[in-house]
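Asks: Once you've had a glance at the structure underneath, I'll fire off some questions.
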Amino acid sequence: MALRVAVDVGGTFTDVCVLGENGEAPRVAKVPTTAESPIDGVMRGIAQAGADLVDTWFFCHGTTVATNALLNRTFPRAALVTTRGFRDVIEIRRGTKEDLWDAYKDVAPPYIARRDRLVVTERVDATGRVIEPLDMAEAKELVDTLRRRQVRTVAVCFVNSYVNPVHEIAMLEFLRAELPDVAVSISSAVLDEILEHERFSTTVANALLSPLIGHYASSLEKRLAESGYNGRLHLMHGGGGVMTTQAAQKHAARLASSGLAAGAVASKHIALACGYENSLALDVGGMSADISIVCGGELKVVRNWSVDFGHPICFPNLEVLTIGAGGGSIAWVDDGGALRVGPQSAGAAPGPACYGLGGTAATTTDAQLVLGQIDTSLAAGSQLLDVALAKRAVSKIARELNCSLEDAAVGILRVASANLADALKILSIRRGQDPRDFALVAFGGAGPMHAVHLARELSLPAVVVPPHPGVTSAFGCLLVDIRHDFSAMFIRNAQAADPYEIESTFLRLESHARKSLLEDGVEPERISMQRFIEMRYHGQSRSMPIAVDQPVRAIGGLVEKFHVQHREEFGFNQEHGDVDLYQLSVSALGIIEKPRFGVLSSGTGKPIEPVGRRMVRFIEPKGWLETPVYSRSDLCPGAKVTGPAVIAQPDSTTLIPPDWTATVDQMGNLRISMDVEGAAR
């Protein structure tokens, strides 16, 4: 059993990466995603990659099942059971809007309609004291309503259950006894934290996704077992780790950004291997683009994120900014006559017009084909492109803008690149970071198409394109550990906090974490714990995590660390201000042995011959250029390609404009930088 297999299901393509244990080059595959039955695409990709599941000991999967369910609101009939008087918490939200200046754009409605939000009498105060016991007569009536409405999953969210969950546990036991086939999520088990809106919202998402993830994971496990796989199925979650099927059913909402995290993890690994501690990741797929940032070798973790604005999911999650700027993003002209690209997408079906599957709207892929930037075949021939259909689609935009076909295609790519540049600026310039200190790691099927133009726009010094950019997110699934996160509210003034009480709470959290990892099959010697204390200045609502060395014997050093980190993060601190502790948390890792990567042998030193030539229109400079086309498989370490050039491979295409040079390093990455002397000439 010598293989590791990773599969990442995207909106357009399903990517597969297979690694052996001897450092040989990975085997990859890219097949169209089967939206109606994603597992069919998974199995087809595994077969195309030539992976024998009998010889596989580790299987990791990044999936969009949870994300798509929330986006499309395709989940089983659900209900919310809450404290009387708190029925509308998830609809009132925080009263904010994504765009404060757009008076006509409404926030997405709650995932559970008001008629399915049911109340019961109970009350626990903020100290945990029971004021009103749970009314079991009302609970019985509530169960009858749930049965009559054929509800399949329930979120139980009582107002102060984070400090005393006795009523939630009683309701859970009652529901399980009366409705054994109904899935139940209780907020004190999903997110044991203060702030009822965030806790309710996270629990609702978890309840909605739990049956879907459970069915999907068990179905995939069955298909894998039928093909000979005898190990555990590991599912990638948004926190940058993996979880087993059993854990995923308990915390299904963690999978709402599964594939996004895999790409961020892979970009960090690639950048560090190339010597860049600061890097920006650009993952452009078929439907969207995902942007992440690594500062000082670390990815940023956020605790409040959402698929739909206003409905937060508060599990720890790698910060990834997603915009509608993928290869299938649709170009359109607004009422003011301005050209727009996205966020609407043609998706996998019907896809861009050039796919010939019925799509008629112009997309960025159609524009790239019209300009000769991509070949008429994608994914090793599994997707053929029709130039005539692409021209027909782009010509509609040209007529609306009263310009030539070429100008319309260039305009589409300029707008798409501007959208990507704005997203990169949000995570760099607007955070006080200088892009000139960052390398750009470009991957996804379309990332290397835009990378050099973006590097020029933002003055990024270097671009790195991994050996298999189209399946880099799948590759990231092989670089992670099993991870669980546990937390407990701990609201104290720092000066008055008792180190013994802090240490006792950490030990309790670590005990729960260790039990969960052992249930996942992790060996005791492979368990690692990382402690954090969330701190904030007195009166602030925003807190930040401070890493804690164990054991906790004094709090003064941690407060000083908070002052320093606050200044680094926000540009100021209050050295003499009161500091409050807010929360204690533990990240528990089950360390998985990482794959070994061999160093590639250098080439012969002979000039690399192109496999063909074609006319290509770059965004910059203007005009068509006869451009050599190279096969990525012909480029050995040490090979050098000077633009203009196109580097083609089955899973992606890399554009090298004039005055830029690409060099292959010992790991097979393309290192692209400006040819300063050539530019001067």
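Letters A, B, ... go to the chains of the structure tokens in the order shown; residues in each chain start at 1; ligands are counted from 1 in the same order.
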Each residue of segment 197-291 of chain A with at least one atom at most 9 Å from segment 72-95 of chain A should appear once, together with its nearest atom pair and the corresponding distance in Å (one decimal); atoms considered: only C-alpha atoms; ordering: chain, then increasing residue number; output as CSV.

Replies:
residue,atom,partner,partner_atom,distance
A:His197,CA,A:Val89,CA,5.9
A:Glu198,CA,A:Ile90,CA,8.4
A:Phe200,CA,A:Ile90,CA,6.8
A:Ser201,CA,A:Ile90,CA,6.2
A:Val204,CA,A:Leu80,CA,7.3
A:Ala207,CA,A:Ala78,CA,7.8
A:Leu208,CA,A:Phe75,CA,6.2
A:Leu209,CA,A:Phe75,CA,7.2
A:Pro211,CA,A:Pro76,CA,7.8
A:Leu212,CA,A:Phe75,CA,7.2

Asks: For the selection you just gave me, I'd like the residues written to a file as a short mmCIF file (atom, residue, chain, number, x, y, z; two decimals), in the first residue's frame, keeping all heavy atoms.

Replies:
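Final output, part.cif:
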data_model
loop_
_atom_site.label_atom_id
_atom_site.label_comp_id
_atom_site.auth_asym_id
_atom_site.auth_seq_id
_atom_site.Cartn_x
_atom_site.Cartn_y
_atom_site.Cartn_z
N HIS A 197 -26.42 35.37 17.88
CA HIS A 197 -26.61 35.38 16.43
C HIS A 197 -25.58 34.48 15.75
O HIS A 197 -25.92 33.63 14.93
CB HIS A 197 -26.51 36.80 15.87
CG HIS A 197 -26.39 36.84 14.38
ND1 HIS A 197 -27.28 36.21 13.54
CD2 HIS A 197 -25.47 37.43 13.57
CE1 HIS A 197 -26.92 36.41 12.29
NE2 HIS A 197 -25.83 37.14 12.28
N GLU A 198 -24.31 34.68 16.09
CA GLU A 198 -23.26 33.87 15.47
C GLU A 198 -23.41 32.40 15.82
O GLU A 198 -23.20 31.52 14.96
CB GLU A 198 -21.89 34.39 15.90
CG GLU A 198 -21.47 35.70 15.27
CD GLU A 198 -22.18 36.92 15.83
OE1 GLU A 198 -22.89 36.79 16.85
OE2 GLU A 198 -22.03 38.01 15.25
N PHE A 200 -26.25 30.79 16.75
CA PHE A 200 -27.45 30.27 16.08
C PHE A 200 -27.16 30.03 14.59
O PHE A 200 -27.53 29.00 14.03
CB PHE A 200 -28.61 31.26 16.22
CG PHE A 200 -29.25 31.31 17.57
CD1 PHE A 200 -28.60 30.85 18.71
CD2 PHE A 200 -30.53 31.83 17.73
CE1 PHE A 200 -29.20 30.92 19.97
CE2 PHE A 200 -31.13 31.90 18.97
CZ PHE A 200 -30.46 31.45 20.09
N SER A 201 -26.54 31.02 13.94
CA SER A 201 -26.29 30.93 12.51
C SER A 201 -25.38 29.74 12.17
O SER A 201 -25.63 29.00 11.21
CB SER A 201 -25.65 32.24 12.01
OG SER A 201 -25.33 32.16 10.64
N VAL A 204 -27.36 26.49 12.65
CA VAL A 204 -28.30 26.29 11.54
C VAL A 204 -27.57 25.73 10.32
O VAL A 204 -28.03 24.76 9.70
CB VAL A 204 -29.02 27.61 11.21
CG1 VAL A 204 -29.72 27.52 9.85
CG2 VAL A 204 -30.02 27.96 12.30
N ALA A 207 -26.73 22.13 10.95
CA ALA A 207 -27.88 21.25 10.87
C ALA A 207 -28.30 21.00 9.42
O ALA A 207 -28.67 19.88 9.04
CB ALA A 207 -29.05 21.85 11.65
N LEU A 208 -28.26 22.04 8.61
CA LEU A 208 -28.64 21.90 7.20
C LEU A 208 -27.70 20.97 6.45
O LEU A 208 -28.12 20.19 5.59
CB LEU A 208 -28.65 23.27 6.53
CG LEU A 208 -29.71 24.26 7.03
CD1 LEU A 208 -29.44 25.63 6.45
CD2 LEU A 208 -31.10 23.79 6.66
N LEU A 209 -26.41 21.06 6.75
CA LEU A 209 -25.41 20.32 5.98
C LEU A 209 -25.15 18.92 6.50
O LEU A 209 -24.67 18.06 5.76
CB LEU A 209 -24.10 21.11 5.97
CG LEU A 209 -24.14 22.47 5.28
CD1 LEU A 209 -22.81 23.19 5.45
CD2 LEU A 209 -24.47 22.32 3.80
N PRO A 211 -27.01 16.19 7.26
CA PRO A 211 -27.53 15.04 6.50
C PRO A 211 -26.91 14.91 5.12
O PRO A 211 -26.65 13.79 4.66
CB PRO A 211 -29.04 15.34 6.40
CG PRO A 211 -29.32 16.34 7.46
CD PRO A 211 -28.08 17.14 7.61
N LEU A 212 -26.66 16.05 4.47
CA LEU A 212 -26.07 16.01 3.12
C LEU A 212 -24.66 15.44 3.16
O LEU A 212 -24.30 14.56 2.37
CB LEU A 212 -26.05 17.41 2.52
CG LEU A 212 -27.41 18.06 2.24
CD1 LEU A 212 -27.23 19.49 1.79
CD2 LEU A 212 -28.16 17.26 1.18
#

Asks: As an MDAnalysis selection string, please: every residue in segment 375-574 of chain A that DSSP puts in strand (DSSP E or B).

Replies: chainID A and resid 377:378 383:384 439:443 462:465 482:493 527:537 544:548

Asks: Please extract the residues of segment 382-482 of chain A with a backbone DSSP assignment of helix (DSSP H, G or I) and present them as a PyMOL selection string.

Replies: chain A and resi 387-401+405-427+429-431+435-437+447-458+469-476

Asks: Calculated over only C-alpha atoms, which of the candidates A:Pro461, A:Pro469, A:Ala248, A:Arg542 has the smallest distance to Asp520 of chain A?

Replies: A:Ala248

Asks: Excluding Leu589 of chain A and any residue of its chain fewer than 3 positions from it, enumerate the residues within 12 Å of it, using only C-alpha atoms, and give them as a PyMOL selection string.

Replies: chain A and resi 239-243+480-486+510+513-518+520+522-531+586+592

Asks: Between A:Gly228, A:Pro545, A:Gly337, A:Gly359, which is the closest to Gln565 of chain A once you count only C-alpha atoms?

Replies: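 Looking only at the distances to Gln565 of chain A, the closest residue turns out to be A:Pro545.
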
Asks: Considering only C-alpha atoms, tabulate each residue of segment 412-433 of chain A that lies at most 9 Å from segment 272-291 of chain A along with its nearest interatomic pair and the corresponding distance in Å to one decimal; arrange the rows by chain and ascending residue number and present them as JSON lines.

Replies:
{"residue": "A:Leu420", "atom": "CA", "partner": "A:Ala289", "partner_atom": "CA", "distance": 7.7}
{"residue": "A:Ala423", "atom": "CA", "partner": "A:Ile291", "partner_atom": "CA", "distance": 7.0}
{"residue": "A:Leu424", "atom": "CA", "partner": "A:Ile291", "partner_atom": "CA", "distance": 6.7}
{"residue": "A:Leu427", "atom": "CA", "partner": "A:Ile291", "partner_atom": "CA", "distance": 8.0}
{"residue": "A:Ser428", "atom": "CA", "partner": "A:Leu280", "partner_atom": "CA", "distance": 8.3}

Asks: Generate the output file for the selected residues, all heavy atoms, as a compact mmCIF listing (two decimals), in the first residue's frame.

Replies:
# COMPACT_ATOMS: atom_id res chain seq x y z
N LEU A 420 -9.41 40.72 -10.56
CA LEU A 420 -8.43 39.93 -9.81
C LEU A 420 -7.43 40.83 -9.09
O LEU A 420 -7.06 40.57 -7.94
CB LEU A 420 -7.70 38.99 -10.76
CG LEU A 420 -8.54 37.88 -11.40
CD1 LEU A 420 -7.74 37.15 -12.49
CD2 LEU A 420 -9.00 36.88 -10.34
N ALA A 423 -8.90 42.21 -5.93
CA ALA A 423 -8.94 41.21 -4.86
C ALA A 423 -7.57 41.04 -4.22
O ALA A 423 -7.45 40.91 -2.99
CB ALA A 423 -9.43 39.88 -5.41
N LEU A 424 -6.51 41.04 -5.02
CA LEU A 424 -5.15 40.93 -4.48
C LEU A 424 -4.82 42.15 -3.61
O LEU A 424 -4.15 42.03 -2.58
CB LEU A 424 -4.15 40.80 -5.62
CG LEU A 424 -4.16 39.47 -6.39
CD1 LEU A 424 -3.31 39.58 -7.64
CD2 LEU A 424 -3.66 38.33 -5.51
N LEU A 427 -6.20 42.03 0.10
CA LEU A 427 -5.43 41.24 1.07
C LEU A 427 -4.00 41.74 1.26
O LEU A 427 -3.30 41.25 2.14
CB LEU A 427 -5.40 39.77 0.65
CG LEU A 427 -6.73 39.01 0.71
CD1 LEU A 427 -6.50 37.54 0.43
CD2 LEU A 427 -7.41 39.19 2.05
N SER A 428 -3.57 42.69 0.46
CA SER A 428 -2.18 43.17 0.59
C SER A 428 -2.15 44.66 0.89
O SER A 428 -1.99 45.07 2.05
CB SER A 428 -1.40 42.84 -0.69
OG SER A 428 -2.01 43.41 -1.84

Asks: Using only C-alpha atoms, which residues sit within 9 Å of segment 361-365 of chain A once same-chain residues fewer than 3 positions away are excluded, as a PyMOL selection string?

Replies: chain A and resi 286+325-332+341-342+345-346+351-354+368-370+374+390-397+409+412-413+416+446

Asks: Work out how far atom CA of Asp498 of chain A is from atom CA of His576 of chain A, in Å to one decimal.

Replies: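 Taking atom CA of His576 of chain A and atom CA of Asp498 of chain A, their separation equals 20.3 Å.
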
Asks: Where does segment 48-165 of chain A meet segment 30-42 of chain A within 9 Å, residue by residue, with the nearest atom pair and distance in Å to one decimal for each, counting only C-alpha atoms, listed by chain and rising number, as a Markdown table?

Replies:
| residue | atom | partner | partner_atom | distance |
| --- | --- | --- | --- | --- |
| A:Gln48 | CA | A:Lys30 | CA | 8.2 |
| A:Ala49 | CA | A:Lys30 | CA | 8.4 |
| A:Thr63 | CA | A:Pro38 | CA | 8.9 |
| A:Val65 | CA | A:Pro38 | CA | 8.3 |

Asks: Include N, CA, C and O atoms and write out the residues we just selected as a PDB file, in the first residue's frame.

Replies:
ATOM      1  N   GLN A  48      -8.776   7.632 -14.416  1.00  0.00           N
ATOM      2  CA  GLN A  48      -7.947   8.280 -15.430  1.00  0.00           C
ATOM      3  C   GLN A  48      -6.522   8.495 -14.932  1.00  0.00           C
ATOM      4  O   GLN A  48      -5.567   8.429 -15.709  1.00  0.00           O
ATOM      5  N   ALA A  49      -6.368   8.745 -13.619  1.00  0.00           N
ATOM      6  CA  ALA A  49      -5.021   8.937 -13.061  1.00  0.00           C
ATOM      7  C   ALA A  49      -4.274   7.622 -12.884  1.00  0.00           C
ATOM      8  O   ALA A  49      -3.085   7.626 -12.538  1.00  0.00           O
ATOM      9  N   THR A  63     -14.219  18.928  -1.232  1.00  0.00           N
ATOM     10  CA  THR A  63     -15.506  18.867  -1.914  1.00  0.00           C
ATOM     11  C   THR A  63     -16.257  20.187  -1.855  1.00  0.00           C
ATOM     12  O   THR A  63     -16.109  20.958  -0.898  1.00  0.00           O
ATOM     13  N   VAL A  65     -19.617  20.097  -2.088  1.00  0.00           N
ATOM     14  CA  VAL A  65     -20.990  19.698  -1.792  1.00  0.00           C
ATOM     15  C   VAL A  65     -21.626  20.656  -0.791  1.00  0.00           C
ATOM     16  O   VAL A  65     -22.750  21.136  -0.988  1.00  0.00           O
TER      17      VAL A  65
END

Asks: Between A:Ala47, A:Ala264, A:Leu478, A:Ile426, single out the one closest to Ile591 of chain A, counting only C-alpha atoms.

Replies: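 Residue with the minimum atom-to-atom distance to Ile591 of chain A: A:Leu478.
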
Asks: Record the distance separating atom CA of Glu24 of chain A and atom CA of Met667 of chain A, expressed in Å with one decimal.

Replies: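 Atom-to-atom, atom CA of Glu24 of chain A and atom CA of Met667 of chain A are spaced 11.5 Å apart.
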
Asks: Show which residues sit within 10 Å of Leu584 of chain A, as a PyMOL selection string. Count only C-alpha atoms, and ignore same-chain residues fewer than 2 positions away.

Replies: chain A and resi 486-491+502-503+505-506+509+531-535+545-546+548+581-582+586

Asks: If we count only C-alpha atoms and set the cut-off at 9 Å, which residues sit around Pro628 of chain A, ignoring sequence neighbours fewer than 3 positions away in its own chain? Please answer as a VMD selection string.

Replies: chain A and resid 609 to 615 643 to 647

Asks: When you look at Arg436 of chain A with a cut-off of 6 Å (counting only C-alpha atoms), what residues show up, excluding the ones that are within fewer than 2 positions of it in the same chain? I need them as a PyMOL selection string.

Replies: chain A and resi 434+438+459-460

Asks: Choose the residue, out of A:Arg147, A:Lys105, A:Lys300, A:Arg199, that has the smallest atom-to-atom separation from Val182 of chain A; count only C-alpha atoms.

Replies: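 That would be A:Arg147, the residue with the smallest distance to Val182 of chain A.
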
Asks: Closest to Thr56 of chain A among A:Val124, A:Leu440, A:Ala225, A:Leu401, using only C-alpha atoms?

Replies: A:Ala225
